[in-house]
file work_22.txt (compact mmCIF, C-alpha atoms and all ligand atoms)
# COMPACT_ATOMS: atom_id res chain seq x y z
CA MET A 1 -58.65 -14.10 1.19
CA LEU A 2 -62.28 -13.87 0.03
CA ASP A 3 -64.92 -16.22 1.38
CA GLY A 4 -67.63 -17.90 -0.71
CA CYS A 5 -69.77 -14.72 -0.52
CA GLY A 6 -66.97 -12.37 -1.62
CA ARG A 7 -66.21 -10.99 1.85
CA VAL A 8 -62.61 -10.29 2.84
CA VAL A 9 -61.64 -12.50 5.78
CA ASP A 10 -58.58 -11.17 7.60
CA TYR A 11 -59.41 -11.44 11.31
CA LEU A 12 -58.97 -14.54 13.50
CA ARG A 13 -60.37 -14.85 17.01
CA LEU A 14 -58.34 -17.57 18.63
CA SER A 15 -59.61 -19.11 21.86
CA VAL A 16 -56.76 -20.25 24.09
CA THR A 17 -58.85 -21.88 26.84
CA ASP A 18 -62.46 -22.60 27.73
CA LEU A 19 -61.74 -22.08 31.44
CA CYS A 20 -62.44 -18.89 33.31
CA ASN A 21 -62.00 -17.49 36.80
CA TYR A 22 -65.46 -15.80 36.53
CA ARG A 23 -68.89 -17.29 35.88
CA CYS A 24 -70.80 -14.48 34.19
CA GLN A 25 -74.45 -15.43 34.35
CA TYR A 26 -75.13 -15.02 30.62
CA CYS A 27 -71.97 -16.87 29.58
CA MET A 28 -71.21 -19.80 31.86
CA PRO A 29 -73.09 -22.17 34.14
CA ALA A 30 -72.71 -21.43 37.88
CA GLN A 31 -70.68 -24.59 38.44
CA GLY A 32 -68.29 -23.76 35.59
CA VAL A 33 -67.40 -26.22 32.85
CA PRO A 34 -65.84 -29.64 33.44
CA LYS A 35 -62.06 -29.42 33.11
CA ARG A 36 -61.10 -31.21 29.94
CA ALA A 37 -58.16 -33.54 29.51
CA HIS A 38 -55.01 -31.60 28.65
CA ARG A 39 -54.80 -33.21 25.20
CA GLU A 40 -58.29 -32.01 24.22
CA ILE A 41 -57.18 -28.37 24.33
CA LEU A 42 -54.82 -26.94 21.72
CA SER A 43 -51.21 -26.80 22.88
CA ILE A 44 -49.18 -23.60 22.58
CA GLU A 45 -47.40 -25.14 19.55
CA GLU A 46 -50.73 -25.99 17.87
CA LEU A 47 -52.10 -22.50 18.55
CA PHE A 48 -48.98 -21.05 16.96
CA GLU A 49 -49.21 -23.34 13.92
CA ILE A 50 -52.88 -22.41 13.39
CA ALA A 51 -52.05 -18.72 13.69
CA GLN A 52 -49.18 -19.04 11.22
CA ALA A 53 -51.31 -20.94 8.70
CA SER A 54 -54.12 -18.38 9.10
CA VAL A 55 -51.73 -15.52 8.34
CA ALA A 56 -50.63 -17.46 5.24
CA CYS A 57 -54.35 -17.48 4.28
CA GLY A 58 -54.63 -13.69 4.61
CA VAL A 59 -55.30 -13.08 8.30
CA LYS A 60 -53.81 -9.76 9.44
CA LYS A 61 -55.30 -9.40 12.90
CA ILE A 62 -55.50 -11.97 15.69
CA ARG A 63 -57.45 -11.58 18.89
CA LEU A 64 -56.74 -13.98 21.74
CA THR A 65 -59.80 -14.82 23.76
CA GLY A 66 -61.40 -17.62 25.76
CA GLY A 67 -62.71 -18.43 28.45
CA GLU A 68 -60.35 -16.09 30.18
CA PRO A 69 -57.14 -15.96 28.13
CA LEU A 70 -55.07 -14.72 31.08
CA VAL A 71 -55.59 -17.99 32.99
CA ARG A 72 -53.95 -19.95 30.16
CA ARG A 73 -50.51 -21.30 31.05
CA GLY A 74 -47.91 -20.37 28.41
CA LEU A 75 -49.90 -17.36 27.19
CA LEU A 76 -46.92 -15.00 27.25
CA ASP A 77 -44.82 -17.45 25.22
CA LEU A 78 -47.67 -17.71 22.73
CA CYS A 79 -47.89 -13.91 22.43
CA ARG A 80 -44.15 -13.67 21.71
CA LEU A 81 -44.43 -16.37 19.04
CA LEU A 82 -47.44 -14.74 17.40
CA ARG A 83 -45.91 -11.28 17.44
CA ALA A 84 -42.98 -12.59 15.39
CA ILE A 85 -45.17 -13.96 12.55
CA PRO A 86 -44.34 -11.90 9.44
CA GLY A 87 -47.49 -10.35 7.99
CA LEU A 88 -49.44 -10.22 11.27
CA GLU A 89 -50.36 -6.55 11.69
CA GLU A 90 -52.20 -6.56 15.00
CA LEU A 91 -52.22 -8.81 18.06
CA CYS A 92 -55.13 -8.04 20.40
CA LEU A 93 -56.56 -9.67 23.48
CA THR A 94 -59.98 -9.63 25.15
CA THR A 95 -59.99 -10.13 28.91
CA ASN A 96 -62.18 -9.75 31.95
CA GLY A 97 -59.30 -7.68 33.34
CA SER A 98 -59.00 -9.45 36.69
CA LEU A 99 -55.43 -10.63 36.18
CA LEU A 100 -54.14 -7.49 34.50
CA PRO A 101 -52.56 -6.15 37.71
CA GLN A 102 -49.95 -8.93 37.39
CA LEU A 103 -50.00 -9.45 33.64
CA ALA A 104 -50.52 -6.11 31.86
CA ALA A 105 -46.81 -5.21 31.72
CA PRO A 106 -45.63 -8.72 30.69
CA LEU A 107 -48.32 -8.82 27.98
CA ARG A 108 -47.13 -5.50 26.62
CA ARG A 109 -43.53 -6.73 26.59
CA ALA A 110 -44.66 -9.94 24.87
CA GLY A 111 -46.01 -7.86 21.99
CA VAL A 112 -49.76 -7.46 22.56
CA ASP A 113 -50.82 -4.29 20.73
CA ARG A 114 -54.32 -3.70 22.07
CA LEU A 115 -56.56 -4.77 24.92
CA ASN A 116 -60.34 -4.99 25.20
CA ILE A 117 -61.60 -5.23 28.76
CA SER A 118 -65.08 -6.57 29.46
CA LEU A 119 -66.98 -4.53 32.03
CA ASP A 120 -70.74 -4.81 32.38
CA THR A 121 -71.35 -2.69 35.47
CA LEU A 122 -69.64 0.00 37.54
CA ARG A 123 -71.40 -1.05 40.75
CA PRO A 124 -69.49 -3.46 43.00
CA GLU A 125 -72.52 -5.48 44.22
CA ARG A 126 -73.89 -5.92 40.71
CA PHE A 127 -70.45 -6.89 39.46
CA ALA A 128 -70.12 -9.59 42.12
CA ALA A 129 -73.63 -10.88 41.38
CA MET A 130 -73.14 -11.01 37.60
CA THR A 131 -69.65 -12.57 37.59
CA ARG A 132 -70.43 -14.78 40.63
CA LEU A 133 -66.70 -14.94 41.47
CA GLY A 134 -65.35 -11.49 40.63
CA GLN A 135 -64.77 -8.16 42.29
CA LEU A 136 -65.01 -4.84 40.51
CA SER A 137 -61.95 -3.49 42.36
CA GLU A 138 -59.63 -6.07 40.76
CA VAL A 139 -60.75 -5.05 37.27
CA LEU A 140 -60.35 -1.34 38.07
CA GLN A 141 -56.81 -2.06 39.29
CA GLY A 142 -56.29 -4.00 36.06
CA VAL A 143 -57.35 -0.97 34.04
CA GLU A 144 -54.78 1.17 35.87
CA ALA A 145 -52.11 -1.48 35.32
CA ALA A 146 -52.95 -1.64 31.60
CA GLU A 147 -52.56 2.10 31.19
CA ALA A 148 -49.34 2.12 33.22
CA ALA A 149 -48.01 -0.64 30.95
CA GLY A 150 -48.61 1.55 27.90
CA PHE A 151 -51.90 0.21 26.55
CA SER A 152 -53.51 3.37 25.27
CA ARG A 153 -56.99 3.83 23.80
CA LEU A 154 -58.43 0.97 25.82
CA LYS A 155 -61.72 -0.48 24.65
CA PHE A 156 -64.35 -1.64 27.11
CA ASP A 157 -66.99 -4.18 26.11
CA THR A 158 -70.26 -3.78 27.98
CA VAL A 159 -73.07 -6.24 27.32
CA LEU A 160 -76.32 -4.29 27.53
CA ILE A 161 -78.80 -6.19 29.69
CA GLY A 162 -82.31 -4.89 30.34
CA GLY A 163 -83.07 -4.54 34.05
CA PHE A 164 -79.43 -5.14 34.96
CA ASN A 165 -77.24 -2.32 33.64
CA ASP A 166 -79.40 -0.16 31.36
CA ASP A 167 -79.69 2.38 34.21
CA GLU A 168 -75.87 2.75 34.06
CA ILE A 169 -75.59 3.79 30.41
CA GLY A 170 -75.10 7.42 31.45
CA ASP A 171 -72.35 6.46 33.94
CA PHE A 172 -70.51 4.54 31.22
CA LEU A 173 -70.88 7.44 28.78
CA ASP A 174 -69.45 9.77 31.44
CA LEU A 175 -66.23 7.72 31.49
CA THR A 176 -65.55 8.88 27.92
CA ARG A 177 -65.53 12.53 29.01
CA GLN A 178 -62.26 12.20 30.95
CA HIS A 179 -60.64 9.16 29.33
CA PRO A 180 -59.59 8.44 25.72
CA TRP A 181 -61.40 5.11 25.91
CA GLU A 182 -64.00 3.48 23.71
CA ILE A 183 -67.00 2.14 25.60
CA ARG A 184 -68.67 -0.43 23.37
CA PHE A 185 -72.21 -1.51 24.16
CA ILE A 186 -72.92 -4.98 22.81
CA GLU A 187 -76.37 -6.49 22.45
CA LEU A 188 -76.90 -9.61 24.51
CA MET A 189 -77.01 -12.59 22.14
CA PRO A 190 -79.37 -15.48 22.96
CA MET A 191 -76.98 -18.41 23.41
CA GLY A 192 -75.93 -20.75 26.17
CA PRO A 193 -77.32 -19.89 29.63
CA CYS A 194 -79.07 -16.70 28.47
CA SER A 195 -80.87 -18.20 25.47
CA ALA A 196 -83.92 -18.79 27.69
CA TRP A 197 -83.84 -15.37 29.43
CA GLU A 198 -86.94 -13.19 29.27
CA ALA A 199 -87.38 -10.85 26.31
CA HIS A 200 -86.92 -7.65 28.38
CA ARG A 201 -83.26 -8.56 29.00
CA PHE A 202 -82.48 -8.24 25.28
CA LEU A 203 -82.34 -4.52 24.57
CA PRO A 204 -81.55 -3.14 21.11
CA ALA A 205 -78.49 -0.88 21.12
CA GLN A 206 -80.71 1.79 19.56
CA THR A 207 -82.09 2.29 23.10
CA ILE A 208 -78.86 4.15 23.87
CA LEU A 209 -79.38 6.64 21.03
CA GLU A 210 -83.00 7.13 22.04
CA ARG A 211 -82.00 7.91 25.63
CA PHE A 212 -78.90 9.96 24.70
CA PRO A 213 -79.82 11.74 21.45
CA HIS A 214 -76.90 14.19 21.82
CA LEU A 215 -74.38 11.45 20.92
CA GLN A 216 -72.67 12.64 17.74
CA PRO A 217 -72.09 10.06 14.97
CA LEU A 218 -68.50 9.28 13.87
CA GLN A 219 -67.08 7.05 11.13
CA PRO A 220 -67.98 3.38 11.82
CA GLN A 221 -65.08 1.06 12.70
CA GLY A 222 -65.35 -2.64 11.94
CA VAL A 223 -68.72 -3.88 13.15
CA ALA A 224 -69.26 -0.95 15.55
CA ARG A 225 -71.29 2.19 14.87
CA ARG A 226 -69.41 4.94 16.68
CA PHE A 227 -70.40 8.14 18.49
CA ARG A 228 -68.96 10.80 20.77
CA LEU A 229 -70.43 12.95 23.50
CA PRO A 230 -69.84 16.61 22.63
CA GLY A 231 -66.36 17.56 23.92
CA ALA A 232 -65.53 14.07 25.20
CA GLN A 233 -62.04 12.56 24.87
CA GLY A 234 -63.27 9.03 24.27
CA THR A 235 -65.84 7.43 22.01
CA VAL A 236 -68.87 5.17 22.23
CA GLY A 237 -69.41 2.06 20.09
CA LEU A 238 -72.68 0.29 19.45
CA ILE A 239 -72.51 -3.33 18.36
CA SER A 240 -75.87 -4.73 17.33
CA PRO A 241 -75.57 -8.36 16.22
CA VAL A 242 -79.27 -8.99 16.93
CA SER A 243 -81.15 -5.86 15.87
CA ARG A 244 -78.88 -4.78 12.96
CA GLU A 245 -77.17 -7.86 11.61
CA PHE A 246 -73.69 -6.97 10.30
CA CYS A 247 -72.93 -10.32 8.64
CA ALA A 248 -72.42 -8.74 5.19
CA GLY A 249 -69.36 -6.94 6.57
CA CYS A 250 -68.07 -9.79 8.78
CA ARG A 251 -64.33 -10.44 8.28
CA ARG A 252 -63.87 -13.01 11.07
CA ILE A 253 -63.17 -16.64 11.56
CA ARG A 254 -62.87 -18.26 14.96
CA VAL A 255 -60.95 -21.20 16.32
CA THR A 256 -62.25 -22.84 19.50
CA ALA A 257 -59.94 -23.93 22.31
CA ASP A 258 -60.37 -27.53 21.16
CA GLY A 259 -59.23 -26.73 17.64
CA ARG A 260 -62.35 -26.28 15.55
CA LEU A 261 -62.70 -23.56 12.99
CA LYS A 262 -66.02 -21.75 13.04
CA GLY A 263 -66.96 -19.46 10.16
CA CYS A 264 -69.77 -17.97 12.25
CA LEU A 265 -70.22 -17.65 16.00
CA HIS A 266 -73.85 -18.77 15.73
CA SER A 267 -73.54 -21.63 13.27
CA ALA A 268 -73.35 -25.27 14.38
CA GLU A 269 -70.89 -25.92 11.51
CA GLU A 270 -67.33 -26.61 12.64
CA LEU A 271 -64.23 -27.92 10.93
CA SER A 272 -61.57 -29.71 12.95
CA LEU A 273 -57.99 -28.46 12.56
CA ARG A 274 -56.54 -31.04 14.96
CA ASN A 275 -53.56 -33.07 13.76
CA LEU A 276 -53.20 -31.03 10.59
CA HIS A 277 -49.89 -29.40 9.76
CA GLY A 278 -48.25 -27.37 6.99
CA GLN A 279 -50.12 -27.35 3.69
CA ALA A 280 -52.92 -29.59 4.99
CA LEU A 281 -53.63 -27.13 7.79
CA GLU A 282 -53.63 -24.17 5.39
CA ASP A 283 -55.95 -26.03 3.00
CA ALA A 284 -58.39 -26.75 5.84
CA ILE A 285 -58.41 -23.08 6.90
CA ARG A 286 -59.03 -21.99 3.30
CA GLN A 287 -61.91 -24.47 3.10
CA GLY A 288 -63.34 -23.10 6.37
CA ILE A 289 -63.13 -19.55 5.01
CA LEU A 290 -64.83 -20.54 1.75
CA GLN A 291 -67.65 -22.21 3.71
CA LYS A 292 -68.26 -19.21 6.00
CA PRO A 293 -72.06 -18.96 6.37
CA ARG A 294 -73.70 -15.96 4.68
CA HIS A 295 -75.45 -14.85 7.88
CA HIS A 296 -76.85 -15.95 11.22
CA HIS A 297 -80.52 -16.21 12.20
CA LEU A 298 -80.54 -14.44 15.55
CA SER A 299 -83.43 -12.19 14.58
CA GLN A 300 -85.64 -15.31 14.19
CA ARG A 301 -84.30 -17.84 16.72
CA PRO A 302 -81.58 -18.35 19.34
CA SER A 303 -78.08 -19.22 18.21
CA ASP A 304 -77.72 -22.53 16.33
CA THR A 305 -74.50 -23.33 18.17
CA THR A 306 -74.82 -25.71 21.08
CA ARG A 307 -71.64 -24.31 22.61
CA THR A 308 -71.47 -21.72 25.34
CA MET A 309 -69.59 -18.48 24.68
CA ASN A 310 -66.62 -19.38 26.90
CA GLU A 311 -65.92 -22.34 24.58
CA ILE A 312 -66.05 -20.35 21.35
CA GLY A 313 -64.38 -17.18 22.49
CA GLY A 314 -66.87 -14.34 22.23
N1 LIG B 1 -63.20 -13.79 29.43
C1 LIG B 1 -62.92 -12.76 28.49
C2 LIG B 1 -63.86 -11.59 28.68
O1 LIG B 1 -64.85 -11.73 29.39
O2 LIG B 1 -63.58 -10.55 28.10
C3 LIG B 1 -62.96 -13.21 27.04
C4 LIG B 1 -64.01 -14.19 26.63
S1 LIG B 1 -65.69 -13.59 26.75
C5 LIG B 1 -66.62 -14.98 26.18
C6 LIG B 1 -65.73 -12.42 25.39
C7 LIG B 1 -66.87 -11.47 25.39
O3 LIG B 1 -68.07 -12.15 25.09
C8 LIG B 1 -67.09 -10.74 26.71
O4 LIG B 1 -67.08 -9.34 26.47
C9 LIG B 1 -68.48 -11.19 27.12
O5 LIG B 1 -69.18 -10.19 27.82
C10 LIG B 1 -69.11 -11.49 25.77
N2 LIG B 1 -70.26 -12.37 25.83
C11 LIG B 1 -70.38 -13.57 26.42
N3 LIG B 1 -71.62 -14.08 26.24
C12 LIG B 1 -72.32 -13.17 25.51
C13 LIG B 1 -73.65 -13.10 25.00
N4 LIG B 1 -74.52 -14.07 25.18
N5 LIG B 1 -74.01 -12.00 24.30
C14 LIG B 1 -73.12 -10.99 24.08
N6 LIG B 1 -71.86 -11.00 24.53
C15 LIG B 1 -71.46 -12.07 25.24
FE1 LIG B 2 -65.51 -15.67 31.83
FE2 LIG B 2 -65.55 -13.82 29.92
FE3 LIG B 2 -67.50 -15.67 30.09
FE4 LIG B 2 -67.37 -13.82 31.95
S1 LIG B 2 -67.76 -13.46 29.75
S2 LIG B 2 -67.63 -16.03 32.30
S3 LIG B 2 -65.24 -13.46 32.11
S4 LIG B 2 -65.40 -16.05 29.61
call {"tool": "encode", "arguments": {"input": "work_22.txt", "output": "structure tokens", "more": "lines below"}}
Ligand code: SAM
Ligand code: SF4
result
Amino acid sequence: MLDGCGRVVDYLRLSVTDLCNYRCQYCMPAQGVPKRAHREILSIEELFEIAQASVACGVKKIRLTGGEPLVRRGLLDLCRLLRAIPGLEELCLTTNGSLLPQLAAPLRRAGVDRLNISLDTLRPERFAAMTRLGQLSEVLQGVEAAEAAGFSRLKFDTVLIGGFNDDEIGDFLDLTRQHPWEIRFIELMPMGPCSAWEAHRFLPAQTILERFPHLQPLQPQGVARRFRLPGAQGTVGLISPVSREFCAGCRRIRVTADGRLKGCLHSAEELSLRNLHGQALEDAIRQGILQKPRHHHLSQRPSDTTRTMNEIGG
């Protein structure tokens, strides 16, 4: 359906948990987040109902996210339920990849169409320092498991962070020479723990084109500008929420793990979907879509949301 500004909204990012087995420095506090009472987090049945009602409102693509979606109990059951919703064209999932060695094949069998794997560095020590609890080797094994399970054209999401991984841009680009992958560089957004980071950490994605001018432009896809190295199998995506706001083309709504619909990642506005069913749930989702904010204000100030990214779902 169309939102209040005439934009088509057909993409739901559904957060299935706010918990995570990593503590990425820009996303979560070092001590993690307090574990909430079971009843505060949407049950598998509620997640399914919200997905069904969203599809009735025009959603065609759902991405499961978190926190880390693969730590959510019942995730495979949820995927099977979602995959069977008539009218849902694509079921995707964004993960840190650490649990893919065990879960890639079951996820594929449960009907997940596409995976995005977050990967900010290719250097083991940096990876351990950034994620605080993770090891690069487990993610690399997860990538192998995903390909073996039949997930083709993997997408990698790499948050570009000045002084942390901007000296690895070339190494990431090199991955696209041999693999049919899309490496997507995402600008760091000032929210949660990183909202107070120094300015030099926040690099515009344009930096990549300035340093690698031989990247050849391709057709854009969704919110990503896309490029290819001459002769490479894979592609490169640039996602610039801060330096080149793409709100006019935004097709997304989000639902947090505690059941609140957000029309914009960076808005403080939320609409509770808890305890709503059937027509009432659909009406609330329609209202949330109609109220979707026109744009965010990241170019002027940090995010208006008081939530951290693991709660909203990236
Ligand atoms: N745990 C999963 C993962 O890491 O892929 C899914 C949830 S995570 C919040 C989704 C995405 O948001 C990840 O790619 C992460 O790097 C990104 N992210 C988190 N905080 C961010 C920020 N401040 N700016 C840009 N991207 C961010
Ligand atoms: Fe966890 Fe993903 Fe946040 Fe890292 S970015 S702490 S993996 S939710």
call {"tool": "closest_residue", "arguments": {"input": "work_22.txt", "among": "A:Arg177, A:Arg23, A:Arg274, A:Arg211", "to": "Pro193 in chain A", "atoms": "only C-alpha atoms"}}
result
A:Arg23
call {"tool": "residues_near_point", "arguments": {"input": "work_22.txt", "point": "(-74.7, -2.1, 27.8)", "cutoff": "9 Å", "atoms": "all atoms listed in the file", "output": "number ranges by chain"}}
result
A: 120-121, 157-162, 165-166, 168-169, 172, 184-188, 203, 205, 208, 238
call {"tool": "residues_near_ligand", "arguments": {"input": "work_22.txt", "ligand": "ligand LIG 1 (chain B)", "cutoff": "8 Å", "atoms": "all atoms listed in the file", "output": "ChimeraX atom specification"}}
result
/A:20,22,24,26-27,65-69,94-97,116-120,157-159,186-195,308-314
call {"tool": "closest_residue", "arguments": {"input": "work_22.txt", "among": "A:Thr131, A:Ser54, A:Thr176, A:Ser240", "to": "ligand LIG 2 (chain B)", "atoms": "all atoms listed in the file"}}
result
A:Thr131
call {"tool": "closest_residue", "arguments": {"input": "work_22.txt", "among": "A:Arg13, A:Arg109, A:His214, A:Arg251", "to": "Ala232 in chain A", "atoms": "all atoms listed in the file"}}
result
A:His214
call {"tool": "closest_residue", "arguments": {"input": "work_22.txt", "among": "A:Val16, A:Ala280, A:Ile289, A:Cys79", "to": "ligand LIG 2 (chain B)", "atoms": "all atoms listed in the file"}}
result
A:Val16
call {"tool": "atom_distance", "arguments": {"input": "work_22.txt", "atom1": "CA of Asp283 in chain A", "atom2": "CA of Ala53 in chain A"}}
result
8.9 Å
call {"tool": "residues_around", "arguments": {"input": "work_22.txt", "residues": "Gly87 in chain A", "least_positions_apart": "4", "cutoff": "9 Å", "atoms": "all atoms listed in the file", "output": "ChimeraX atom specification"}}
result
/A:55-56,58-60
call {"tool": "axis_aligned_box", "arguments": {"input": "work_22.txt", "around": "ligand LIG 2 (chain B)", "padding_each_side": "8 Å", "output": "JSON"}}
result
{"center_x": -66.5, "center_y": -14.8, "center_z": 31.0, "size_x": 18.5, "size_y": 18.6, "size_z": 18.7}
call {"tool": "residues_around", "arguments": {"input": "work_22.txt", "residues": "Phe246 in chain A", "least_positions_apart": "6", "cutoff": "9 Å", "atoms": "only C-alpha atoms", "output": "mmCIF file with C-alpha atoms, in the frame of the given file"}}
result
data_model
loop_
_atom_site.group_PDB
_atom_site.id
_atom_site.type_symbol
_atom_site.label_atom_id
_atom_site.label_comp_id
_atom_site.auth_asym_id
_atom_site.auth_seq_id
_atom_site.Cartn_x
_atom_site.Cartn_y
_atom_site.Cartn_z
ATOM 1 C CA VAL A 223 -68.720 -3.880 13.150
ATOM 2 C CA ILE A 239 -72.510 -3.330 18.360
ATOM 3 C CA SER A 240 -75.870 -4.730 17.330
ATOM 4 C CA HIS A 295 -75.450 -14.850 7.880
#
call {"tool": "atom_distance", "arguments": {"input": "work_22.txt", "atom1": "CA of Ser98 in chain A", "atom2": "CA of Leu12 in chain A"}}
result
23.7 Å
call {"tool": "residues_around", "arguments": {"input": "work_22.txt", "residues": "range 139-147 of chain A", "least_positions_apart": "4", "cutoff": "10 Å", "atoms": "all atoms listed in the file", "output": "list in words"}}
result
Thr95, Asn96, Gly97, Ser98, Leu99, Leu100, Pro101, Gln102, Leu103, Ala104, Ala105, Leu107, Arg108, Arg114, Leu115, Ile117, Ser118, Leu119, Leu122, Gly134, Gln135, Phe151, Ser152, Arg153, Leu154 and Phe156 of chain A
call {"tool": "closest_residue", "arguments": {"input": "work_22.txt", "among": "A:Arg132, A:Arg73, A:Lys35, A:Arg226", "to": "ligand LIG 2 (chain B)", "atoms": "only C-alpha atoms and all ligand atoms"}}
result
A:Arg132
call {"tool": "closest_residue", "arguments": {"input": "work_22.txt", "among": "A:Met130, A:Leu42, A:Pro213, A:Cys5", "to": "ligand LIG 2 (chain B)", "atoms": "all atoms listed in the file"}}
result
A:Met130
call {"tool": "atom_distance", "arguments": {"input": "work_22.txt", "atom1": "CA of Gly150 in chain A", "atom2": "CA of Glu90 in chain A"}}
result
15.7 Å
call {"tool": "residues_near_point", "arguments": {"input": "work_22.txt", "point": "(-60.5, -24.4, 1.2)", "cutoff": "12 Å", "atoms": "all atoms listed in the file", "output": "MDAnalysis selection string"}}
result
chainID A and resid 1:4 54 57 271 279:292
call {"tool": "residues_around", "arguments": {"input": "work_22.txt", "residues": "Leu215 in chain A", "least_positions_apart": "5", "cutoff": "9 Å", "atoms": "only C-alpha atoms", "output": "ChimeraX atom specification"}}
result
/A:209,227-230,236
call {"tool": "decode", "arguments": {"input": "work_22.txt", "residues": "range 167-179 of chain A", "atoms": "N, CA, C and O atoms", "output": "tab-separated table (two decimals), in the first residue's frame"}}
result
chain	number	residue	atom	x	y	z
A	167	ASP	N	40.98	0.78	5.75
A	167	ASP	CA	42.17	0.29	5.04
A	167	ASP	C	41.94	-1.11	4.47
A	167	ASP	O	42.82	-1.70	3.86
A	168	GLU	N	40.73	-1.65	4.66
A	168	GLU	CA	40.42	-3.00	4.13
A	168	GLU	C	39.47	-2.95	2.94
A	168	GLU	O	39.02	-4.00	2.46
A	169	ILE	N	39.13	-1.74	2.49
A	169	ILE	CA	38.15	-1.65	1.40
A	169	ILE	C	38.63	-2.48	0.20
A	169	ILE	O	37.87	-3.24	-0.39
A	170	GLY	N	39.92	-2.34	-0.12
A	170	GLY	CA	40.48	-3.07	-1.27
A	170	GLY	C	40.36	-4.59	-1.08
A	170	GLY	O	40.06	-5.32	-2.03
A	171	ASP	N	40.59	-5.06	0.14
A	171	ASP	CA	40.50	-6.51	0.41
A	171	ASP	C	39.06	-6.99	0.21
A	171	ASP	O	38.81	-8.06	-0.33
A	172	PHE	N	38.10	-6.18	0.67
A	172	PHE	CA	36.69	-6.56	0.46
A	172	PHE	C	36.35	-6.55	-1.03
A	172	PHE	O	35.68	-7.47	-1.52
A	173	LEU	N	36.82	-5.52	-1.74
A	173	LEU	CA	36.53	-5.47	-3.18
A	173	LEU	C	37.11	-6.70	-3.87
A	173	LEU	O	36.49	-7.27	-4.78
A	174	ASP	N	38.29	-7.12	-3.44
A	174	ASP	CA	38.94	-8.29	-4.06
A	174	ASP	C	38.07	-9.54	-3.96
A	174	ASP	O	38.12	-10.40	-4.83
A	175	LEU	N	37.29	-9.64	-2.87
A	175	LEU	CA	36.42	-10.83	-2.72
A	175	LEU	C	35.46	-10.96	-3.90
A	175	LEU	O	35.06	-12.06	-4.27
A	176	THR	N	35.07	-9.82	-4.47
A	176	THR	CA	34.08	-9.88	-5.57
A	176	THR	C	34.70	-10.38	-6.88
A	176	THR	O	33.99	-10.71	-7.81
A	177	ARG	N	36.03	-10.42	-6.93
A	177	ARG	CA	36.66	-10.91	-8.17
A	177	ARG	C	36.36	-12.39	-8.37
A	177	ARG	O	36.07	-12.83	-9.47
A	178	GLN	N	36.45	-13.16	-7.27
A	178	GLN	CA	36.35	-14.63	-7.38
A	178	GLN	C	34.98	-15.17	-6.98
A	178	GLN	O	34.70	-16.34	-7.19
A	179	HIS	N	34.17	-14.34	-6.32
A	179	HIS	CA	32.90	-14.85	-5.79
A	179	HIS	C	31.73	-14.04	-6.34
A	179	HIS	O	31.84	-12.81	-6.45
